[in-house]
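The block underneath contains the structure these notes are about, expressed in structure tokens.
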Amino acid sequence: MRFIQGLLSGVIPAIVLAMLAGAAAAQSTEKEEALLRRIEALDQKIEELERRLGNAPPSPREEALKQRVDDIDQQVRIVGRKQEIEQEAAAARAKDGPQAVAGRDGFGVRTADNQFAFRLRGYLQADARVYDDEAQTAAPDTFTLRRVRPIFEGTLFGKYGFRFMPDFGQGSTQIFDAYGDANFNPAFRVRVGKFKPGVGLERLQSATALSLVERALPTNLVPTRDIGVQVSGDLLENRLTYELGVFNGVVDGGQATGGSGDRDSNSGKDAAVRLFAHPFRASETPWLQGLGVGVAGTWGEQQGTATNAVLPAFVTPGQQTFFSYSAGAFADGERTRFAPQFYWYWQTWGLLGEYYLNNQRVRRGTSVRDVDVTAWQLTLNWVLTGEDASFGGVRPRQPFDPAAGGWGAFELVGRAQQLEVDDAAFAGTAATRLADPSTAARKATGFGLGLNWYLNRAVKVQAAFERTRFDGGAANGGDRRDENVFFTRYQVSF
């Protein structure tokens, strides 16, 4: 009996105190659970000792010891629950709190569930242009910052996004993208603001993914950016994409601008529609999977004045104007654009083609005519180093690192193109014709060759040669001299 009482009064309190000290030092849930199991085992031992002592009532010392064990048990459970609460709060903070991100897709912050995010991206294109000395152009050989564009993007509440992209290139500051998105589901999205209308295929391609340094002649006939609202979505398991929009209606090759901000210069508006399909995306025939075909168009009423013509001018790949309307001519009614288009990518090969037909009613004095302008292009890509060709550019398997045996990716590009203005633009006398044949060319036909070197996903070096021949555009019915331009570009994008 004394042995047992000694055990209760001496050994067991020491064990309990030791376990209490161990619990205070424990930092993990696993240790706390082990401690609880030991306390339960201790309770069982006490109960066993009580049974051995018989039914005799416990002494005050034994009652005090048992109460102390119960108090310790309760304290341990309280400490364990507090730690569980802190762990749950820490998990909630980690879920909702900001996380810094940095990588090939840009820099920014976001919540762990991606419901809120902000990202900084951008790109820089530093070009050199060297013109043929015999070309009829006042443009000098030059280095130029073709595009300097920081991009600010974000997501709000998971479904809503925004994008803001100014451009500081070529000595001017312009806003190219400024819009908000509502992504309700993949089949129905809404975009409001300033952005690329869904018309030109090459225009919709990012400037960082262009096959040659400059876009082809047909891109003269589609809007660069416009302000409006558009609904779009992907249907039939991403085999069909649709875009429907209403826009201010900028001139061919232009974007919305204004003296004090982006605005329309007349009340006419354009409706735009585009359908683009990948009919064989799920095909078991690999070389058909990368085929995309589509058609786009716009229709609207555009009204200019003799001092605000709302009419385009067309430029060469060397960015020199080869066609413009005569002073006093202006848009005077309906304008339509029709644009069938396709691309095809398979392994190392790519092919992109477009055809545009634009019709615009134009007035000059008492002369009113509908002027048709047509243009087409075919661009062929071949990735020499074996990577896949794609609409979004080439991703090298190995970045440029000679010490590790990596040289990046190389791509060879060829292009044929043409733009032709209807003879109706040149009919009539000097006082009534819409364009002067001695300064405005009827047709431009060109070809280009280029070599692209992708050092990695962020850095690209391009070299290209473009030759353009003209029908008309010189005095006495002659032809404007050919334009020969050699380009280089150093591009950094992130």
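We name chains A, B, ... following the order of the structure tokens; residues begin at 1 in each chain, and ligands are numbered from 1 as shown.
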Which residues of range 418-489 of chain A come within 10 Å of range 142-157 of chain A, and for each one, what is the closest pair of atoms and their distance in Å to one decimal, counting only C-alpha atoms, sorted by chain and residue number, as CSV?
```
residue,atom,partner,partner_atom,distance
A:Phe487,CA,A:Phe143,CA,9.8
A:Thr488,CA,A:Phe143,CA,9.4
A:Arg489,CA,A:Arg146,CA,9.0
```
Item checked: Residue contacts of Gln462 in chain A (7 Å, only C-alpha atoms) excluding same-chain residues fewer than 5 positions away, as a list in words -> Val213, Leu451, Asn452, Trp453, Thr488, Arg489 and Tyr490 of chain A
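The space between CA of Val310 in chain A and CA of Ala329 in chain A spans 9.3 Å.
Distances from A:Glu284, A:Asp177, A:Asp234, A:Glu33 to Arg77 in chain A were compared using only C-alpha atoms, and the smallest one belongs to A:Glu33.
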Checklist line | CA of Pro218 in chain A to CA of Val485 in chain A, straight-line distance in Å | finding: 18.3 Å
